[in-house]
$ cat work-v2.cif   # mmCIF, C-alpha atoms
data_run
#
loop_
_atom_site.label_atom_id
_atom_site.label_comp_id
_atom_site.auth_asym_id
_atom_site.auth_seq_id
_atom_site.Cartn_x
_atom_site.Cartn_y
_atom_site.Cartn_z
CA MET A 12 200.10 120.20 -8.70
CA TYR A 13 202.95 122.06 -7.04
CA GLU A 14 203.65 121.44 -3.37
CA ALA A 15 204.24 124.53 -1.24
CA GLU A 16 207.00 122.89 0.78
CA ASP A 17 209.04 122.50 -2.44
CA GLY A 18 208.88 126.23 -3.15
CA ILE A 19 211.23 129.09 -2.29
CA LEU A 20 210.62 130.09 1.32
CA ASN A 21 211.36 133.60 2.58
CA GLY A 22 210.71 134.03 6.31
CA VAL A 23 208.22 131.15 6.35
CA GLU A 24 208.74 127.49 7.26
CA LYS A 25 207.67 123.95 6.50
CA SER A 26 205.41 122.15 8.93
CA GLN A 27 203.52 118.88 9.37
CA GLN A 28 201.65 119.83 12.53
CA THR A 29 198.16 120.12 11.02
CA ALA A 30 197.01 117.04 9.10
CA PRO A 31 195.86 115.84 6.67
CA PHE A 32 197.87 117.73 4.05
CA SER A 33 199.13 117.06 0.57
CA GLY A 34 202.70 115.90 -0.11
CA ASN A 35 205.27 116.07 2.66
CA GLY A 36 203.87 119.04 4.55
CA TYR A 37 202.81 122.64 4.09
CA VAL A 38 204.17 126.17 4.56
CA THR A 39 203.27 128.33 7.55
CA GLY A 40 204.56 131.33 9.49
CA PHE A 41 203.18 134.19 7.38
CA ASP A 42 203.42 136.77 10.16
CA GLN A 43 205.86 139.45 8.95
CA PRO A 44 205.34 141.86 6.03
CA GLU A 45 208.32 140.48 4.08
CA ASP A 46 207.35 136.81 4.46
CA ALA A 47 206.66 135.08 1.14
CA LEU A 48 206.35 131.76 -0.64
CA SER A 49 207.36 131.51 -4.31
CA MET A 50 206.55 128.49 -6.46
CA LYS A 51 207.79 127.68 -9.93
CA ILE A 52 204.85 126.68 -12.11
CA HIS A 53 205.57 125.06 -15.46
CA ALA A 54 203.18 125.69 -18.36
CA PRO A 55 203.52 123.40 -21.40
CA VAL A 56 202.24 126.19 -23.67
CA GLU A 57 201.52 129.89 -23.24
CA GLY A 58 197.93 130.64 -22.38
CA MET A 59 195.25 131.05 -19.74
CA TYR A 60 195.23 128.57 -16.89
CA GLN A 61 192.82 128.05 -14.03
CA LEU A 62 194.64 128.07 -10.69
CA TRP A 63 193.62 126.57 -7.35
CA ILE A 64 195.23 127.01 -3.94
CA GLY A 65 195.21 124.44 -1.14
CA TYR A 66 195.24 126.27 2.19
CA ASN A 67 194.24 126.25 5.84
CA GLY A 68 192.67 129.32 7.46
CA PRO A 69 192.34 128.60 11.19
CA ASN A 70 192.47 132.26 12.25
CA GLY A 71 189.43 133.79 10.50
CA ASP A 72 189.21 135.69 7.23
CA LYS A 73 192.68 136.38 5.83
CA GLN A 74 194.18 137.86 2.69
CA SER A 75 197.44 137.29 0.84
CA THR A 76 199.16 139.52 -1.71
CA VAL A 77 199.87 137.85 -5.05
CA SER A 78 202.51 138.41 -7.71
CA LEU A 79 203.07 136.57 -10.98
CA ASN A 80 206.48 136.58 -12.62
CA ASP A 81 207.56 139.39 -10.29
CA GLN A 82 204.61 141.60 -11.27
CA PRO A 83 201.90 142.51 -8.71
CA PHE A 84 198.74 140.54 -9.35
CA GLY A 85 196.16 141.58 -6.81
CA ASP A 86 195.32 139.60 -3.71
CA VAL A 87 193.49 136.48 -2.64
CA THR A 88 191.05 136.12 0.26
CA PHE A 89 191.13 132.97 2.35
CA ALA A 90 187.86 132.13 4.07
CA PRO A 91 188.07 130.58 7.57
CA THR A 92 188.52 126.80 7.71
CA THR A 93 188.96 124.06 10.30
CA GLY A 94 191.49 122.19 8.19
CA PHE A 95 193.01 122.20 4.73
CA THR A 96 190.71 122.89 1.81
CA GLU A 97 190.99 123.99 -1.80
CA MET A 98 189.83 127.29 -3.29
CA LYS A 99 189.63 128.40 -6.89
CA TYR A 100 191.82 131.46 -7.27
CA GLY A 101 190.99 132.21 -10.90
CA ARG A 102 192.67 132.51 -14.28
CA VAL A 103 196.31 133.42 -14.77
CA LYS A 104 198.15 133.90 -18.06
CA LEU A 105 201.26 131.75 -17.98
CA GLU A 106 204.23 131.93 -20.30
CA GLU A 107 205.49 128.74 -21.89
CA GLY A 108 207.96 127.16 -19.48
CA ASP A 109 208.57 128.21 -15.88
CA ASN A 110 206.51 130.93 -14.19
CA VAL A 111 206.88 132.21 -10.63
CA PHE A 112 203.73 132.49 -8.50
CA THR A 113 204.29 134.27 -5.17
CA LEU A 114 202.11 134.63 -2.09
CA SER A 115 203.21 137.36 0.34
CA THR A 116 201.91 137.87 3.88
CA GLY A 117 199.11 140.42 3.43
CA TRP A 118 197.00 139.93 6.56
CA GLY A 119 199.01 136.81 7.44
CA TRP A 120 198.29 133.85 9.72
CA TYR A 121 197.32 131.14 7.21
CA ASP A 122 198.94 127.96 5.86
CA ILE A 123 199.61 127.07 2.20
CA ASP A 124 199.55 123.41 1.09
CA TYR A 125 199.84 123.49 -2.72
CA VAL A 126 198.97 125.20 -5.97
CA LYS A 127 197.55 123.41 -9.00
CA ILE A 128 196.79 124.53 -12.55
CA GLN A 129 194.69 123.36 -15.48
CA LYS A 130 194.25 124.85 -18.94
CA ALA A 131 191.32 127.29 -18.75
CA PRO A 132 188.37 126.78 -21.11
CA SER A 133 187.09 129.56 -23.36
CA LYS A 134 184.64 131.95 -21.70
CA PRO A 135 180.99 131.70 -22.83
CA GLU A 136 178.79 134.57 -23.99
CA HIS A 137 177.23 136.70 -21.25
CA GLN A 138 173.61 135.92 -20.30
CA VAL A 139 172.58 139.36 -18.97
CA LYS A 140 169.24 140.79 -20.10
CA ASN A 141 167.81 144.30 -19.76
CA THR A 142 165.46 143.58 -16.89
CA LEU A 143 165.53 145.23 -13.46
CA VAL A 144 164.28 143.81 -10.17
CA ASN A 145 161.82 146.66 -9.68
CA PRO A 146 158.89 145.84 -11.99
CA ASN A 147 158.05 149.56 -12.09
CA ALA A 148 161.59 150.68 -12.92
CA SER A 149 161.62 154.05 -14.67
CA VAL A 150 162.38 154.47 -18.34
CA GLU A 151 165.57 156.30 -17.35
CA ALA A 152 166.77 153.39 -15.20
CA LEU A 153 166.05 150.86 -17.94
CA THR A 154 167.77 153.07 -20.51
CA LEU A 155 170.92 153.39 -18.39
CA HIS A 156 170.96 149.65 -17.76
CA GLN A 157 170.60 149.03 -21.50
CA PHE A 158 173.55 151.31 -22.21
CA LEU A 159 175.69 149.46 -19.66
CA LEU A 160 174.57 146.18 -21.17
CA ASP A 161 175.40 147.29 -24.72
CA ASN A 162 178.98 148.04 -23.63
CA TYR A 163 179.48 145.04 -21.34
CA GLY A 164 182.52 143.16 -22.56
CA LYS A 165 183.26 145.77 -25.23
CA ASN A 166 184.36 148.70 -23.07
CA ILE A 167 184.75 149.78 -19.46
CA LEU A 168 183.33 153.06 -18.17
CA SER A 169 185.77 155.28 -16.29
CA GLY A 170 184.70 156.44 -12.85
CA GLN A 171 185.86 158.66 -10.00
CA GLN A 172 184.57 159.11 -6.46
CA ASN A 173 183.74 162.72 -5.54
CA LEU A 174 182.72 165.40 -8.04
CA ILE A 175 185.61 167.73 -7.17
CA ASP A 176 188.18 165.00 -7.81
CA ALA A 177 186.44 164.16 -11.08
CA LEU A 178 186.55 167.76 -12.24
CA GLU A 179 190.24 167.97 -11.34
CA LEU A 180 190.91 165.04 -13.67
CA LYS A 181 189.81 167.25 -16.56
CA ALA A 182 192.37 169.90 -15.66
CA GLU A 183 195.15 167.36 -15.19
CA TYR A 184 194.45 164.81 -17.93
CA GLY A 185 192.09 166.52 -20.35
CA LYS A 186 189.09 164.23 -19.82
CA LEU A 187 186.27 163.68 -17.38
CA PRO A 188 185.17 160.23 -16.20
CA ALA A 189 181.88 158.78 -17.42
CA VAL A 190 180.76 157.91 -13.86
CA VAL A 191 181.07 159.88 -10.62
CA GLY A 192 180.50 158.41 -7.17
CA PHE A 193 178.45 160.34 -4.61
CA ASP A 194 177.46 159.66 -0.99
CA LEU A 195 174.38 160.39 1.13
CA ILE A 196 176.39 160.21 4.35
CA GLU A 197 175.61 163.73 5.58
CA TYR A 198 171.86 163.21 5.17
CA SER A 199 171.94 160.52 7.89
CA PRO A 200 169.63 161.82 10.65
CA THR A 201 172.16 161.30 13.46
CA ARG A 202 174.63 163.45 11.51
CA VAL A 203 172.01 166.11 10.73
CA ALA A 204 171.28 166.23 14.47
CA HIS A 205 174.93 167.22 15.00
CA GLY A 206 174.74 169.99 12.42
CA SER A 207 175.76 168.22 9.21
CA LYS A 208 174.66 169.77 5.95
CA SER A 209 175.02 168.43 2.41
CA LYS A 210 174.84 169.64 -1.17
CA GLU A 211 175.35 166.18 -2.62
CA ILE A 212 171.98 166.10 -4.38
CA GLU A 213 172.83 169.44 -5.99
CA ASN A 214 176.17 167.94 -7.04
CA ILE A 215 174.38 165.04 -8.73
CA LEU A 216 172.05 167.47 -10.51
CA GLN A 217 175.11 169.39 -11.73
CA TRP A 218 176.81 166.20 -12.92
CA ASP A 219 173.66 165.11 -14.74
CA ASP A 220 173.57 168.48 -16.52
CA LEU A 221 177.06 167.66 -17.80
CA GLY A 222 175.74 164.36 -19.17
CA GLY A 223 177.43 162.08 -16.65
CA ILE A 224 176.32 158.89 -14.88
CA SER A 225 175.89 158.91 -11.09
CA THR A 226 176.53 156.09 -8.64
CA LEU A 227 175.43 156.62 -5.07
CA ALA A 228 176.41 155.05 -1.76
CA TRP A 229 175.25 155.76 1.78
CA HIS A 230 177.70 155.64 4.66
CA TRP A 231 174.74 155.31 7.00
CA ASN A 232 175.47 156.80 10.41
CA ALA A 233 173.81 154.45 12.90
CA PRO A 234 170.24 155.48 13.84
CA LYS A 235 171.21 155.78 17.54
CA ASP A 236 173.71 154.71 20.21
CA LEU A 237 176.74 156.55 18.83
CA ILE A 238 179.87 156.23 21.00
CA ASN A 239 180.64 159.96 20.56
CA THR A 240 183.92 160.24 22.44
CA ASP A 241 187.13 162.06 21.54
CA GLU A 242 188.49 158.81 20.11
CA LEU A 243 185.25 157.85 18.36
CA PRO A 244 183.28 161.03 17.63
CA TRP A 245 179.72 161.06 16.32
CA TYR A 246 180.81 161.36 12.70
CA LYS A 247 182.38 157.88 12.90
CA GLY A 248 178.98 156.41 13.69
CA PHE A 249 178.86 154.41 10.47
CA TYR A 250 181.74 152.25 11.70
CA THR A 251 181.08 149.21 13.86
CA GLU A 252 183.45 150.61 16.48
CA GLY A 253 181.62 153.95 16.47
CA THR A 254 178.27 152.67 17.74
CA THR A 255 176.69 150.07 20.00
CA PHE A 256 173.62 149.88 17.73
CA ASP A 257 172.70 146.20 17.34
CA ILE A 258 171.19 145.61 13.92
CA GLU A 259 170.32 141.99 14.70
CA GLN A 260 168.28 142.90 17.76
CA ALA A 261 166.65 145.86 16.03
CA LEU A 262 165.42 143.78 13.09
CA ALA A 263 164.20 141.02 15.39
CA ASN A 264 161.91 143.48 17.21
CA PRO A 265 159.73 145.45 14.78
CA GLU A 266 157.95 147.22 17.64
CA SER A 267 161.19 148.52 19.13
CA GLU A 268 162.45 152.09 19.01
CA GLU A 269 165.52 150.85 17.14
CA TYR A 270 163.47 149.31 14.34
CA LYS A 271 161.33 152.42 14.00
CA LEU A 272 164.48 154.56 13.80
CA ILE A 273 165.75 152.38 10.94
CA LEU A 274 162.52 153.10 9.08
CA SER A 275 162.65 156.83 9.80
CA ASP A 276 166.26 156.97 8.59
CA ILE A 277 165.25 155.26 5.35
CA ASP A 278 162.35 157.71 5.03
CA ALA A 279 164.76 160.64 5.40
CA ILE A 280 166.95 159.26 2.61
CA ALA A 281 163.87 158.65 0.46
CA ILE A 282 163.21 162.40 0.47
CA GLN A 283 166.59 162.99 -1.18
CA LEU A 284 166.20 160.12 -3.65
CA LYS A 285 162.82 161.49 -4.71
CA ARG A 286 164.50 164.75 -5.70
CA LEU A 287 166.58 162.76 -8.18
CA GLN A 288 163.57 160.80 -9.41
CA ASP A 289 161.67 164.05 -9.95
CA ALA A 290 164.61 165.24 -12.07
CA ASN A 291 164.47 162.01 -14.16
CA ILE A 292 167.98 161.00 -13.10
CA PRO A 293 168.71 157.25 -12.92
CA ILE A 294 170.99 156.20 -10.07
CA LEU A 295 173.38 153.28 -9.71
CA TRP A 296 172.38 152.69 -6.08
CA ARG A 297 174.86 150.85 -3.81
CA PRO A 298 173.57 150.78 -0.22
CA LEU A 299 175.07 148.74 2.65
CA HIS A 300 178.40 148.48 0.87
CA GLU A 301 181.23 146.26 2.10
CA ALA A 302 178.91 144.60 4.60
CA GLU A 303 180.90 141.37 4.71
CA GLY A 304 183.97 143.23 5.95
CA GLY A 305 182.26 143.78 9.29
CA TRP A 306 183.76 147.24 9.75
CA PHE A 307 180.38 148.94 9.19
CA TRP A 308 177.54 148.38 11.67
CA TRP A 309 175.19 146.96 9.04
CA GLY A 310 177.56 144.01 8.57
CA ALA A 311 178.76 143.64 12.16
CA LYS A 312 176.35 140.81 13.04
CA GLY A 313 177.02 138.65 10.01
CA PRO A 314 175.25 137.95 6.73
CA GLU A 315 171.66 137.30 7.82
CA PRO A 316 170.94 140.68 9.48
CA ALA A 317 172.73 142.50 6.66
CA LYS A 318 170.66 140.75 3.99
CA LYS A 319 167.48 141.34 5.98
CA LEU A 320 168.26 145.05 6.26
CA TYR A 321 169.01 145.28 2.53
CA ARG A 322 165.68 143.63 1.68
CA LEU A 323 163.88 145.97 4.11
CA LEU A 324 165.58 148.94 2.44
CA TYR A 325 164.56 147.67 -0.99
CA ASP A 326 160.95 147.07 0.09
CA ARG A 327 160.50 150.44 1.78
CA LEU A 328 162.07 152.54 -0.98
CA THR A 329 160.35 150.59 -3.77
CA ASN A 330 156.95 149.67 -2.39
CA VAL A 331 156.31 152.40 0.19
CA HIS A 332 158.04 155.40 -1.35
CA HIS A 333 157.69 154.24 -4.98
CA ILE A 334 161.22 155.24 -5.92
CA ASN A 335 161.74 153.68 -9.33
CA ASN A 336 164.86 155.36 -10.70
CA LEU A 337 167.28 153.11 -8.79
CA ILE A 338 169.41 150.32 -10.24
CA TRP A 339 170.09 148.14 -7.18
CA ILE A 340 173.69 147.11 -6.55
CA TRP A 341 174.94 144.55 -4.04
CA ASN A 342 178.56 144.91 -2.92
CA SER A 343 179.93 141.47 -1.95
CA GLU A 344 181.36 138.38 -3.63
CA SER A 345 180.49 135.95 -0.84
CA PRO A 346 177.59 133.53 -1.58
CA GLU A 347 176.63 133.58 2.13
CA TRP A 348 176.05 137.33 1.96
CA TYR A 349 174.08 137.45 -1.31
CA PRO A 350 170.52 138.74 -0.63
CA GLY A 351 168.94 137.17 -3.73
CA ASP A 352 168.43 137.67 -7.45
CA ASN A 353 165.06 139.36 -6.93
CA VAL A 354 166.57 142.40 -5.16
CA VAL A 355 169.90 142.77 -6.99
CA ASP A 356 170.44 144.27 -10.46
CA ILE A 357 174.23 144.52 -10.46
CA ILE A 358 176.84 142.67 -8.39
CA CYS A 359 180.15 144.28 -7.47
CA VAL A 360 183.23 144.42 -5.27
CA ASP A 361 185.56 147.12 -3.97
CA SER A 362 189.25 146.40 -4.51
CA TYR A 363 192.33 148.07 -3.04
CA PRO A 364 195.45 146.14 -4.07
CA SER A 365 198.95 147.41 -3.38
CA ALA A 366 199.98 150.79 -4.79
CA GLY A 367 200.85 150.47 -8.47
CA ASP A 368 199.17 147.07 -8.88
CA TYR A 369 197.30 147.47 -12.16
CA SER A 370 196.31 143.80 -12.49
CA PRO A 371 192.80 143.11 -13.84
CA MET A 372 191.40 141.63 -10.59
CA ASN A 373 190.10 138.86 -12.83
CA HIS A 374 189.75 136.28 -10.06
CA ARG A 375 187.33 138.53 -8.18
CA TYR A 376 185.43 139.28 -11.39
CA ASP A 377 185.14 135.58 -12.18
CA HIS A 378 183.86 134.83 -8.68
CA LEU A 379 181.08 137.39 -9.13
CA VAL A 380 180.12 136.06 -12.56
CA GLU A 381 179.88 132.58 -11.08
CA LEU A 382 177.86 133.83 -8.09
CA VAL A 383 175.10 135.26 -10.31
CA GLN A 384 175.52 132.65 -13.08
CA ASP A 385 176.45 135.47 -15.48
CA ARG A 386 172.90 136.83 -15.39
CA LYS A 387 173.78 140.26 -13.98
CA LEU A 388 176.28 142.98 -14.78
CA VAL A 389 179.48 143.02 -12.72
CA ALA A 390 181.21 146.24 -11.64
CA LEU A 391 184.33 147.41 -9.80
CA THR A 392 182.60 149.99 -7.62
CA GLU A 393 185.63 151.18 -5.67
CA ASN A 394 189.28 150.79 -6.54
CA GLY A 395 192.66 152.09 -5.56
CA PRO A 396 194.96 151.33 -8.50
CA ILE A 397 193.07 151.29 -11.82
CA PRO A 398 193.28 147.99 -13.72
CA ASP A 399 195.34 148.10 -16.93
CA PRO A 400 192.86 148.23 -19.86
CA ASP A 401 195.10 145.97 -21.95
CA LEU A 402 195.08 143.31 -19.24
CA LEU A 403 191.30 143.67 -18.82
CA GLN A 404 190.88 142.78 -22.48
CA GLU A 405 193.49 140.03 -22.43
CA TYR A 406 191.87 138.37 -19.43
CA GLN A 407 188.30 139.03 -20.67
CA THR A 408 187.63 140.70 -17.31
CA ASN A 409 184.58 142.71 -18.25
CA TRP A 410 184.03 145.09 -15.35
CA SER A 411 181.15 147.37 -16.40
CA TRP A 412 182.83 150.37 -14.79
CA PHE A 413 185.54 151.25 -12.30
CA CYS A 414 185.36 154.05 -9.71
CA THR A 415 188.68 155.19 -8.27
CA TRP A 416 188.48 156.39 -4.68
CA ASN A 417 189.27 160.01 -3.98
CA GLY A 418 192.24 161.71 -2.34
CA GLU A 419 195.57 159.89 -2.41
CA PHE A 420 194.31 157.19 -4.74
CA ILE A 421 194.10 159.62 -7.63
CA LYS A 422 196.61 162.26 -6.49
CA ASP A 423 199.69 160.77 -4.78
CA GLY A 424 201.34 159.35 -7.91
CA MET A 425 201.92 156.03 -6.13
CA GLN A 426 198.53 154.35 -6.09
CA ASN A 427 198.18 155.42 -9.72
CA SER A 428 201.08 157.06 -11.52
CA LYS A 429 200.27 160.08 -13.67
CA GLU A 430 201.44 158.12 -16.72
CA HIS A 431 199.08 155.28 -15.89
CA ILE A 432 196.08 157.57 -15.38
CA GLN A 433 196.78 159.29 -18.69
CA GLN A 434 197.10 155.92 -20.44
CA VAL A 435 193.80 154.75 -18.94
CA TYR A 436 191.86 157.88 -19.87
CA ASP A 437 193.26 157.91 -23.42
CA HIS A 438 192.69 154.18 -23.98
CA PRO A 439 190.15 153.20 -26.67
CA TYR A 440 188.71 150.51 -24.37
CA VAL A 441 187.86 153.13 -21.71
CA ILE A 442 184.74 155.30 -22.06
CA THR A 443 185.03 158.87 -20.78
CA LEU A 444 182.33 161.54 -20.43
CA ASP A 445 182.93 162.97 -23.92
CA GLU A 446 182.15 159.55 -25.40
CA LEU A 447 178.81 159.06 -23.64
CA PRO A 448 175.65 159.33 -25.72
CA ASP A 449 172.71 161.43 -24.57
CA LEU A 450 171.29 158.91 -22.12
CA HIS A 451 167.96 160.76 -22.05
CA THR A 452 167.37 159.72 -25.65
CA TYR A 453 169.55 156.59 -25.87
CA GLY A 454 167.87 153.79 -27.76
CA ILE A 455 165.06 155.96 -29.06
CA LYS A 456 164.69 155.46 -32.82
#
$ encode --input "work-v2.cif" --output "structure tokens"
Amino acid sequence: MYEAEDGILNGVEKSQQTAPFSGNGYVTGFDQPEDALSMKIHAPVEGMYQLWIGYNGPNGDKQSTVSLNDQPFGDVTFAPTTGFTEMKYGRVKLEEGDNVFTLSTGWGWYDIDYVKIQKAPSKPEHQVKNTLVNPNASVEALTLHQFLLDNYGKNILSGQQNLIDALELKAEYGKLPAVVGFDLIEYSPTRVAHGSKSKEIENILQWDDLGGISTLAWHWNAPKDLINTDELPWYKGFYTEGTTFDIEQALANPESEEYKLILSDIDAIAIQLKRLQDANIPILWRPLHEAEGGWFWWGAKGPEPAKKLYRLLYDRLTNVHHINNLIWIWNSESPEWYPGDNVVDIICVDSYPSAGDYSPMNHRYDHLVELVQDRKLVALTENGPIPDPDLLQEYQTNWSWFCTWNGEFIKDGMQNSKEHIQQVYDHPYVITLDELPDLHTYGIK
């Protein structure tokens, strides 16, 4: 165990105000971007170690930026507390002798008590089987899931949000990703009412013709009550701040207009999903993403309404509209937000560490594996910097696929340098489009 107050303090201070704590105090005052706490951690031998952090989070959900031996190493989320507690950060590879573990402000406003380490045990074999929650899942969905399963822990599939950005990768780096991310946002009825049009289904059909895998989200514009001002126009209606729509009240009143609008919105999206089912295209389906962040209206009222809405969405698409080509993905690592094994096929997170941070995000991966007891595939469904494939293998961090967000994340040379992107797309651990089998016949003898 290493006490925070014995570390190297930069802009932060020791305190004994909040008790009980370990040792002679704790470190507080993370309120400026440059504030940091560095601790020397001694490893008797080189290897993987499990690391825990003692902390206090009196000011709500917070996040700290991590570095290990002066290299960026992702971030850590501190859940709210009413006193000091301990959280498992995850595995870190330590060199023999002294290592430097640093926590920098991030969101700030938390207290650090200590860090402790223990030699990490070997990781067991995965327990994932090729079964999907929809008992009537299509052959295409089962085939895609089998392919992902066959490569789980052996390779990672490359992915890119937005078809245009994916196609530009070919021109710049000579290869296309295996997975492209699409979005049903413009099919939301309250956007259509304002004149929105979309060719996203046609884009998916085009990508399927090229042999690629499609993952699909839905930035669901709220069914009604958009703010629609100059500051918050109608097209920001998927944000919590862009609508007064109350999902908790709507779900609690099935006879209300609000509840019926939820159903009619789902029905409108079902029309588009059926086009893909009719074309025999399996979809990695990720609705209600990032709910636990609270910045989207479907997560604004906490975990229970969000889970209830997800289960309603599953029931209506599966049992009313009989859409069977979907592989259902839940996008959260919090146990409180998990809607249940019987409606989730794949568990995932979105991760946006600091620009140029190519760490494996292994602590978040490990949390997800633990959440589902290693019975479901785990994916990195949105990312800024792309994890280093060598570190992914070294840490046994077996993300099924990554999907880099569009725009600056793939183009500015800072989130991902051109050299790093080229290394990733040329890496033998990374599957690109040219290495995909024909998924329409995969597994057929």
$ residues_around --input "work-v2.cif" --residues "A:Ile340" --least-positions-apart "2" --cutoff "9 Å" --atoms "only C-alpha atoms" --output "PyMOL selection string"
chain A and resi 295-298+300+338+342+354-359
$ write_last_selection --input "work-v2.cif" --atoms "C-alpha atoms" --output "mmCIF file, in the coordinates of the input"
data_model
loop_
_atom_site.group_PDB
_atom_site.id
_atom_site.type_symbol
_atom_site.label_atom_id
_atom_site.label_comp_id
_atom_site.auth_asym_id
_atom_site.auth_seq_id
_atom_site.Cartn_x
_atom_site.Cartn_y
_atom_site.Cartn_z
ATOM 1 C CA LEU A 295 173.380 153.280 -9.710
ATOM 2 C CA TRP A 296 172.380 152.690 -6.080
ATOM 3 C CA ARG A 297 174.860 150.850 -3.810
ATOM 4 C CA PRO A 298 173.570 150.780 -0.220
ATOM 5 C CA HIS A 300 178.400 148.480 0.870
ATOM 6 C CA ILE A 338 169.410 150.320 -10.240
ATOM 7 C CA ASN A 342 178.560 144.910 -2.920
ATOM 8 C CA VAL A 354 166.570 142.400 -5.160
ATOM 9 C CA VAL A 355 169.900 142.770 -6.990
ATOM 10 C CA ASP A 356 170.440 144.270 -10.460
ATOM 11 C CA ILE A 357 174.230 144.520 -10.460
ATOM 12 C CA ILE A 358 176.840 142.670 -8.390
ATOM 13 C CA CYS A 359 180.150 144.280 -7.470
#
$ residues_around --input "work-v2.cif" --residues "stretch 269-281 of chain A" --least-positions-apart "4" --cutoff "7 Å" --atoms "only C-alpha atoms" --output "list in words"
Tyr198, Ser199, Pro200, Pro234, Ala261, Leu262, Asn264, Pro265, Lys285, Leu324, Leu328 and His332 of chain A
$ residues_around --input "work-v2.cif" --residues "stretch 248-259 of chain A" --least-positions-apart "5" --cutoff "7 Å" --atoms "only C-alpha atoms" --output "MDAnalysis selection string"
chainID A and resid 230:233 235:238 243 306:309 311:312 316
$ resolve_selection --input "work-v2.cif" --expression "the PyMOL selection byres ((chain A and resi 157-167) around 7)" --output "PDB file with C-alpha atoms, keeping the file's coordinate frame"
ATOM      1  CA  ASN A 141     167.810 144.300 -19.760  1.00  0.00           C
ATOM      2  CA  LEU A 153     166.050 150.860 -17.940  1.00  0.00           C
ATOM      3  CA  THR A 154     167.770 153.070 -20.510  1.00  0.00           C
ATOM      4  CA  LEU A 155     170.920 153.390 -18.390  1.00  0.00           C
ATOM      5  CA  HIS A 156     170.960 149.650 -17.760  1.00  0.00           C
ATOM      6  CA  LEU A 168     183.330 153.060 -18.170  1.00  0.00           C
ATOM      7  CA  SER A 169     185.770 155.280 -16.290  1.00  0.00           C
ATOM      8  CA  ASN A 409     184.580 142.710 -18.250  1.00  0.00           C
ATOM      9  CA  TRP A 410     184.030 145.090 -15.350  1.00  0.00           C
ATOM     10  CA  SER A 411     181.150 147.370 -16.400  1.00  0.00           C
ATOM     11  CA  TRP A 412     182.830 150.370 -14.790  1.00  0.00           C
ATOM     12  CA  TYR A 440     188.710 150.510 -24.370  1.00  0.00           C
ATOM     13  CA  VAL A 441     187.860 153.130 -21.710  1.00  0.00           C
ATOM     14  CA  ILE A 442     184.740 155.300 -22.060  1.00  0.00           C
TER      15      ILE A 442
END
$ atom_distance --input "work-v2.cif" --atom1 "atom CA of A:Tyr363" --atom2 "atom CA of A:Leu391"
10.5 Å
$ resolve_selection --input "work-v2.cif" --expression "the PyMOL selection byres ((chain A and resi 83) around 9)" --output "VMD selection string"
chain A and resid 76 to 82 84 to 86 364 to 365 367 to 370
$ residues_around --input "work-v2.cif" --residues "A:Val139" --least-positions-apart "2" --cutoff "9 Å" --atoms "only C-alpha atoms" --output "ChimeraX atom specification"
/A:137,141-142,160,385-388
$ resolve_selection --input "work-v2.cif" --expression "the PyMOL selection byres ((chain A and resi 325) around 10)" --output "PDB file with C-alpha atoms, in the frame of the given file"
ATOM      1  CA  VAL A 144     164.280 143.810 -10.170  1.00  0.00           C
ATOM      2  CA  ASN A 145     161.820 146.660  -9.680  1.00  0.00           C
ATOM      3  CA  ILE A 277     165.250 155.260   5.350  1.00  0.00           C
ATOM      4  CA  PRO A 298     173.570 150.780  -0.220  1.00  0.00           C
ATOM      5  CA  LYS A 319     167.480 141.340   5.980  1.00  0.00           C
ATOM      6  CA  LEU A 320     168.260 145.050   6.260  1.00  0.00           C
ATOM      7  CA  TYR A 321     169.010 145.280   2.530  1.00  0.00           C
ATOM      8  CA  ARG A 322     165.680 143.630   1.680  1.00  0.00           C
ATOM      9  CA  LEU A 323     163.880 145.970   4.110  1.00  0.00           C
ATOM     10  CA  LEU A 324     165.580 148.940   2.440  1.00  0.00           C
ATOM     11  CA  ASP A 326     160.950 147.070   0.090  1.00  0.00           C
ATOM     12  CA  ARG A 327     160.500 150.440   1.780  1.00  0.00           C
ATOM     13  CA  LEU A 328     162.070 152.540  -0.980  1.00  0.00           C
ATOM     14  CA  THR A 329     160.350 150.590  -3.770  1.00  0.00           C
ATOM     15  CA  ASN A 330     156.950 149.670  -2.390  1.00  0.00           C
ATOM     16  CA  VAL A 331     156.310 152.400   0.190  1.00  0.00           C
ATOM     17  CA  ILE A 334     161.220 155.240  -5.920  1.00  0.00           C
ATOM     18  CA  LEU A 337     167.280 153.110  -8.790  1.00  0.00           C
ATOM     19  CA  TRP A 339     170.090 148.140  -7.180  1.00  0.00           C
ATOM     20  CA  VAL A 354     166.570 142.400  -5.160  1.00  0.00           C
ATOM     21  CA  VAL A 355     169.900 142.770  -6.990  1.00  0.00           C
TER      22      VAL A 355
END
$ closest_residue --input "work-v2.cif" --among "A:Pro398, A:Gly185, A:Ala90, A:Met425" --to "A:Glu344" --atoms "all atoms listed in the file"
A:Ala90
$ closest_residue --input "work-v2.cif" --among "A:Asp219, A:Glu266, A:Asp437, A:Glu301" --to "A:Glu393" --atoms "all atoms listed in the file"
A:Glu301
$ atom_distance --input "work-v2.cif" --atom1 "atom CA of A:His451" --atom2 "atom CA of A:Lys140"
20.1 Å
